[in-house]
Amino acid sequence: MATILLTGATGYIASHTWLALQAAGLRVVGVDDFSNSSPEVLNRLHALSGQAPDFVRANVCDPVAMQALFARQPIAAVVHFAAFKAVYESTAQPLVYYRNNLDALLTVCEAMRANGCRRMVFSSSATVYGDPVRLPIAEDFALSATNPYGQTKLIGETILRDLGAADAQWQTATLRYFNPVGAHASGRIGEDPRGTPNNLMPYVAQVAIGRRPRLAVFGNDYPTPDGTGVRDYIHVDDLAAGHVAALQRLLATPGSFTVNLGTGRGHSVLEVVAAYQRASGREVPYDIVPRRPGDIAACWADPTLAQQLLGWRAAHGLERMCADSWRWQTQNPQGFSV
Ligand SMILES: NC(=O)c1ccc[n+]([C@@H]2O[C@H](COP(=O)([O-])OP(=O)(O)OC[C@H]3O[C@@H](n4cnc5c(N)ncnc54)[C@H](O)[C@@H]3O)[C@@H](O)[C@H]2O)c1
C-alpha cells in the first residue's frame, strides 16, 4: 500500500482529503505545525476513520524535520497543502507569505529529491488567473497575480515546472482550486477560520448562527445578473475526491498536468445568502458596502480537462454545500475549540 504524505494535513482541505485517501485504500502520514489549524482535527479524523492518524507536528520549512519524516518510511507521493492563504493578510505581510509559502515548497521538494520521491500534488488556486478576459476559465488562459499570496502560487507552479524540465522523473499535478466551501457530511470536520473569516460562506455561517450581526456584501454594481460578485463554489468533499483522482493518475501514468477543480457554475453572493437561509432556516441580514479593491466581478471554471484526464467532476450543488456547512456550524459553533 502506497504511503502519501500530506503537508498542512490538519487544515481544512487536507483533513477532508485525508479521509478520502484512506477510503481509497491509501496510507496517509500527515505533517502540520498547527499555525492555522487545531490538534483536535486529529481526534476527529481518528473517530471518523477508526484509525489513529499517523502524524508529525513540524514546520515543513525545517529541513531536518522533513528529512526525519522521509527517513521514517518510503513516501510514494506528497500532497503539498501547507501554505498561508489569506489574500488581504498577504498584502499587509508580504515577507511572511513569501517566506512561508515558498520556503515550504522548496524544503519539501528538496527532501523529496534527497529521498527519491518525485511525485507531488500541489495546491494552486484560481487566483493565478488574475482578472480573466472571458469565462469560463480554461487552464491555458494567461496567468497573473494581483497580491503576494497569488504570487506565491504562481511562483510555486513555476518552480514545479522548472523541476520537471530539469528532471523528467518529476511528476506534478497542479490543482487550481476555485472556491472550496462546505464540510464533511458527518459535521465532525469543516472550515474553522481564526478571527474574522476572509471567505463568504464561513462568514454567512457565523451570521446565521448569531456569532456576527450582519454580512457586508462588497458591491452590488458589478456586471453580473444581480450586481454582486460571482464565484465557482466547490464542495470540499468534491475537492478531496479530485485529489484522490489526481494521485491515482500520478501513481499510474507518467507525466505532469495542471487542471482546474471547479464545478463550472457560478453563484452570486446574494444567491449564496438565499441558499444559506434555506439550508439553515435562519435569516442572514446584510448590508451593501463599497467594492473591495482587487475583487473581480466573476470567476468560474471550465472543468472539462479534469473530467477528461482524471474522470473527475464535482457532484454536489450549492444546496448541499450550504446544508453541510450549516451542520458543521451548528454542531461546532466555536469550531474545533471545545
Ligand atoms: N481554501 C481556499 O479558499 C483555497 C483556495 C485555493 C487554494 N488553496 C490552497 O489550498 C491549501 C490548503 O488550504 P486550506 O483552505 O485547507 O487552508 P488551511 O489554512 O486550513 O490549511 C493549511 C494548513 O497548513 C498548515 N501550515 C501552513 N504553513 C505551514 C508550515 N510552514 N509547516 C507546517 N504546516 C503549515 C496550517 O497550520 C494549516 O493547517 C493552501 O495551499 C491554500 O493556499 C485554498
# chains A, B, ... in the order shown; residues from 1 in each chain; ligands from 1

$ residues_near_ligand --ligand "ligand 1" --cutoff "7 Å" --atoms "only C-alpha atoms and all ligand atoms" --output "ChimeraX atom specification"
/A:7-14,31-37,58-61,81-85,100-101,104,123-126,176-180,191

$ write_last_selection --atoms "C-alpha atoms" --output "tab-separated table (two decimals), in the first residue's frame"
chain	number	residue	atom	x	y	z
A	7	THR	CA	1.65	18.67	4.34
A	8	GLY	CA	-0.69	21.11	6.08
A	9	ALA	CA	-2.54	17.91	6.99
A	10	THR	CA	-4.83	19.24	9.72
A	11	GLY	CA	-6.04	22.16	7.60
A	12	TYR	CA	-9.48	22.49	6.05
A	13	ILE	CA	-8.96	20.87	2.64
A	14	ALA	CA	-6.25	18.42	3.74
A	31	VAL	CA	2.57	16.90	8.95
A	32	ASP	CA	1.42	20.30	10.21
A	33	ASP	CA	2.64	22.94	12.65
A	34	PHE	CA	-0.91	24.00	13.69
A	35	SER	CA	-0.16	27.56	12.57
A	36	ASN	CA	-3.69	27.68	11.16
A	37	SER	CA	-5.36	24.52	12.47
A	58	ALA	CA	6.59	20.11	12.43
A	59	ASN	CA	7.14	23.19	10.36
A	60	VAL	CA	7.73	21.93	6.81
A	61	CYS	CA	10.26	24.74	6.30
A	81	PHE	CA	-1.21	21.86	1.10
A	82	ALA	CA	0.91	23.72	3.68
A	83	ALA	CA	0.71	27.44	3.00
A	84	PHE	CA	-0.68	30.66	4.41
A	85	LYS	CA	-3.76	31.59	2.40
A	100	ASN	CA	6.43	30.55	4.45
A	101	ASN	CA	4.85	29.52	1.17
A	104	ALA	CA	7.76	25.30	2.50
A	123	SER	CA	-2.44	23.18	-4.08
A	124	SER	CA	-2.71	26.06	-6.52
A	125	SER	CA	-5.61	28.43	-6.89
A	126	ALA	CA	-7.86	30.13	-9.42
A	176	ARG	CA	-6.15	25.10	-9.34
A	177	TYR	CA	-8.98	25.19	-6.81
A	178	PHE	CA	-11.88	27.56	-7.29
A	179	ASN	CA	-13.81	28.40	-4.05
A	180	PRO	CA	-13.85	25.49	-1.58
A	191	GLU	CA	-13.56	25.06	7.99

$ residues_around --residues "Ser325 of chain A" --least-positions-apart "5" --cutoff "10 Å" --atoms "only C-alpha atoms" --output "ChimeraX atom specification"
/A:181-185,187,189-191,201-202,204-205,235,276,279-280,319-320,330

$ select_by_dssp --residues "segment 233-329 of chain A" --states "strand (DSSP E or B)" --output "list of chain:residue names"
A:Tyr233, A:Ile234, A:His235, A:Phe257, A:Thr258, A:Val259, A:Asn260, A:Leu261, A:His267, A:Ser268, A:Tyr286, A:Asp287, A:Ile288, A:Val289, A:Ala298, A:Cys299, A:Ala301

$ write_last_selection --atoms "N, CA, C and O atoms" --output "PDB file, in the first residue's frame"
ATOM      1  N   TYR A 233     -18.238  28.024  -6.466  1.00  0.00           N
ATOM      2  CA  TYR A 233     -18.096  27.353  -5.171  1.00  0.00           C
ATOM      3  C   TYR A 233     -18.065  25.846  -5.395  1.00  0.00           C
ATOM      4  O   TYR A 233     -18.875  25.314  -6.152  1.00  0.00           O
ATOM      5  N   ILE A 234     -17.116  25.197  -4.718  1.00  0.00           N
ATOM      6  CA  ILE A 234     -16.971  23.743  -4.887  1.00  0.00           C
ATOM      7  C   ILE A 234     -16.954  23.084  -3.506  1.00  0.00           C
ATOM      8  O   ILE A 234     -16.260  23.554  -2.592  1.00  0.00           O
ATOM      9  N   HIS A 235     -17.744  22.018  -3.376  1.00  0.00           N
ATOM     10  CA  HIS A 235     -17.814  21.300  -2.088  1.00  0.00           C
ATOM     11  C   HIS A 235     -16.452  20.691  -1.768  1.00  0.00           C
ATOM     12  O   HIS A 235     -15.817  20.067  -2.624  1.00  0.00           O
ATOM     13  N   PHE A 257       0.593  17.331 -15.004  1.00  0.00           N
ATOM     14  CA  PHE A 257      -0.587  18.011 -15.555  1.00  0.00           C
ATOM     15  C   PHE A 257      -1.049  19.118 -14.615  1.00  0.00           C
ATOM     16  O   PHE A 257      -0.728  19.121 -13.421  1.00  0.00           O
ATOM     17  N   THR A 258      -1.808  20.041 -15.187  1.00  0.00           N
ATOM     18  CA  THR A 258      -2.406  21.158 -14.437  1.00  0.00           C
ATOM     19  C   THR A 258      -3.884  21.178 -14.766  1.00  0.00           C
ATOM     20  O   THR A 258      -4.250  21.206 -15.949  1.00  0.00           O
ATOM     21  N   VAL A 259      -4.734  21.122 -13.737  1.00  0.00           N
ATOM     22  CA  VAL A 259      -6.178  21.149 -14.002  1.00  0.00           C
ATOM     23  C   VAL A 259      -6.906  22.076 -13.026  1.00  0.00           C
ATOM     24  O   VAL A 259      -6.493  22.252 -11.880  1.00  0.00           O
ATOM     25  N   ASN A 260      -8.012  22.617 -13.521  1.00  0.00           N
ATOM     26  CA  ASN A 260      -8.949  23.352 -12.675  1.00  0.00           C
ATOM     27  C   ASN A 260      -9.769  22.362 -11.875  1.00  0.00           C
ATOM     28  O   ASN A 260     -10.221  21.341 -12.422  1.00  0.00           O
ATOM     29  N   LEU A 261     -10.016  22.675 -10.598  1.00  0.00           N
ATOM     30  CA  LEU A 261     -11.017  21.925  -9.846  1.00  0.00           C
ATOM     31  C   LEU A 261     -12.115  22.916  -9.453  1.00  0.00           C
ATOM     32  O   LEU A 261     -11.980  23.702  -8.502  1.00  0.00           O
ATOM     33  N   HIS A 267     -22.064  31.269  -8.796  1.00  0.00           N
ATOM     34  CA  HIS A 267     -23.187  31.735  -7.977  1.00  0.00           C
ATOM     35  C   HIS A 267     -22.823  33.099  -7.398  1.00  0.00           C
ATOM     36  O   HIS A 267     -21.694  33.308  -6.940  1.00  0.00           O
ATOM     37  N   SER A 268     -23.807  33.993  -7.367  1.00  0.00           N
ATOM     38  CA  SER A 268     -23.561  35.335  -6.828  1.00  0.00           C
ATOM     39  C   SER A 268     -23.612  35.298  -5.302  1.00  0.00           C
ATOM     40  O   SER A 268     -24.124  34.338  -4.695  1.00  0.00           O
ATOM     41  N   TYR A 286     -27.900  41.507   5.783  1.00  0.00           N
ATOM     42  CA  TYR A 286     -26.676  42.001   5.131  1.00  0.00           C
ATOM     43  C   TYR A 286     -26.809  43.471   4.770  1.00  0.00           C
ATOM     44  O   TYR A 286     -27.914  44.011   4.670  1.00  0.00           O
ATOM     45  N   ASP A 287     -25.647  44.109   4.592  1.00  0.00           N
ATOM     46  CA  ASP A 287     -25.572  45.493   4.120  1.00  0.00           C
ATOM     47  C   ASP A 287     -24.730  45.490   2.853  1.00  0.00           C
ATOM     48  O   ASP A 287     -23.728  44.771   2.784  1.00  0.00           O
ATOM     49  N   ILE A 288     -25.145  46.314   1.898  1.00  0.00           N
ATOM     50  CA  ILE A 288     -24.311  46.508   0.715  1.00  0.00           C
ATOM     51  C   ILE A 288     -23.296  47.603   1.048  1.00  0.00           C
ATOM     52  O   ILE A 288     -23.670  48.691   1.485  1.00  0.00           O
ATOM     53  N   VAL A 289     -22.017  47.272   0.882  1.00  0.00           N
ATOM     54  CA  VAL A 289     -20.953  48.250   1.160  1.00  0.00           C
ATOM     55  C   VAL A 289     -20.101  48.373  -0.112  1.00  0.00           C
ATOM     56  O   VAL A 289     -20.267  47.571  -1.043  1.00  0.00           O
ATOM     57  N   ALA A 298     -16.492  38.315 -11.680  1.00  0.00           N
ATOM     58  CA  ALA A 298     -16.990  36.947 -11.819  1.00  0.00           C
ATOM     59  C   ALA A 298     -15.859  36.004 -12.166  1.00  0.00           C
ATOM     60  O   ALA A 298     -14.858  36.402 -12.779  1.00  0.00           O
ATOM     61  N   CYS A 299     -16.025  34.746 -11.757  1.00  0.00           N
ATOM     62  CA  CYS A 299     -14.971  33.758 -11.957  1.00  0.00           C
ATOM     63  C   CYS A 299     -15.596  32.382 -11.865  1.00  0.00           C
ATOM     64  O   CYS A 299     -16.236  32.070 -10.861  1.00  0.00           O
ATOM     65  N   ALA A 301     -14.965  28.107 -13.466  1.00  0.00           N
ATOM     66  CA  ALA A 301     -14.021  27.217 -14.142  1.00  0.00           C
ATOM     67  C   ALA A 301     -14.634  26.567 -15.382  1.00  0.00           C
ATOM     68  O   ALA A 301     -15.830  26.298 -15.422  1.00  0.00           O
TER      69      ALA A 301
END

$ closest_residue --among "A:Ala145, A:Leu200, A:Gly30, A:Gly219" --to "Pro293 of chain A" --atoms "only C-alpha atoms"
A:Gly219

$ atom_distance --atom1 "atom CA of Asp302 of chain A" --atom2 "atom CA of Ala173 of chain A"
17.2 Å

$ closest_residue --among "A:Ala65, A:Leu163, A:Pro197, A:Leu309" --to "Ala86 of chain A" --atoms "only C-alpha atoms"
A:Pro197

$ closest_atom_pairs --of "segment 30-144 of chain A" --to "segment 2-6 of chain A" --cutoff "6 Å" --atoms "only C-alpha atoms" --output "CSV"
residue,atom,partner,partner_atom,distance
A:Gly30,CA,A:Leu6,CA,4.8
A:Ile75,CA,A:Thr3,CA,5.2
A:Ala76,CA,A:Thr3,CA,5.6
A:Ala77,CA,A:Ile4,CA,5.1
A:Val78,CA,A:Leu5,CA,4.7
A:Val79,CA,A:Leu6,CA,4.9

$ write_last_selection --atoms "N, CA and C atoms" --output "PDB file, in the first residue's frame"
ATOM      1  N   GLY A  30       0.636  12.528   7.967  1.00  0.00           N
ATOM      2  CA  GLY A  30       0.379  13.963   7.907  1.00  0.00           C
ATOM      3  C   GLY A  30       1.413  14.754   8.674  1.00  0.00           C
ATOM      4  N   ILE A  75       7.939   7.195   0.941  1.00  0.00           N
ATOM      5  CA  ILE A  75       6.771   8.013   0.592  1.00  0.00           C
ATOM      6  C   ILE A  75       6.593   7.939  -0.929  1.00  0.00           C
ATOM      7  N   ALA A  76       5.408   7.533  -1.375  1.00  0.00           N
ATOM      8  CA  ALA A  76       5.170   7.404  -2.825  1.00  0.00           C
ATOM      9  C   ALA A  76       4.872   8.754  -3.467  1.00  0.00           C
ATOM     10  N   ALA A  77       4.230   9.645  -2.722  1.00  0.00           N
ATOM     11  CA  ALA A  77       3.864  10.956  -3.275  1.00  0.00           C
ATOM     12  C   ALA A  77       3.540  11.903  -2.132  1.00  0.00           C
ATOM     13  N   VAL A  78       3.658  13.193  -2.436  1.00  0.00           N
ATOM     14  CA  VAL A  78       3.334  14.240  -1.448  1.00  0.00           C
ATOM     15  C   VAL A  78       2.176  15.065  -1.983  1.00  0.00           C
ATOM     16  N   VAL A  79       1.206  15.345  -1.112  1.00  0.00           N
ATOM     17  CA  VAL A  79       0.194  16.350  -1.450  1.00  0.00           C
ATOM     18  C   VAL A  79       0.528  17.573  -0.609  1.00  0.00           C
TER      19      VAL A  79
END

$ atom_distance --atom1 "atom CA of Gly150 of chain A" --atom2 "atom CA of Cys117 of chain A"
26.7 Å
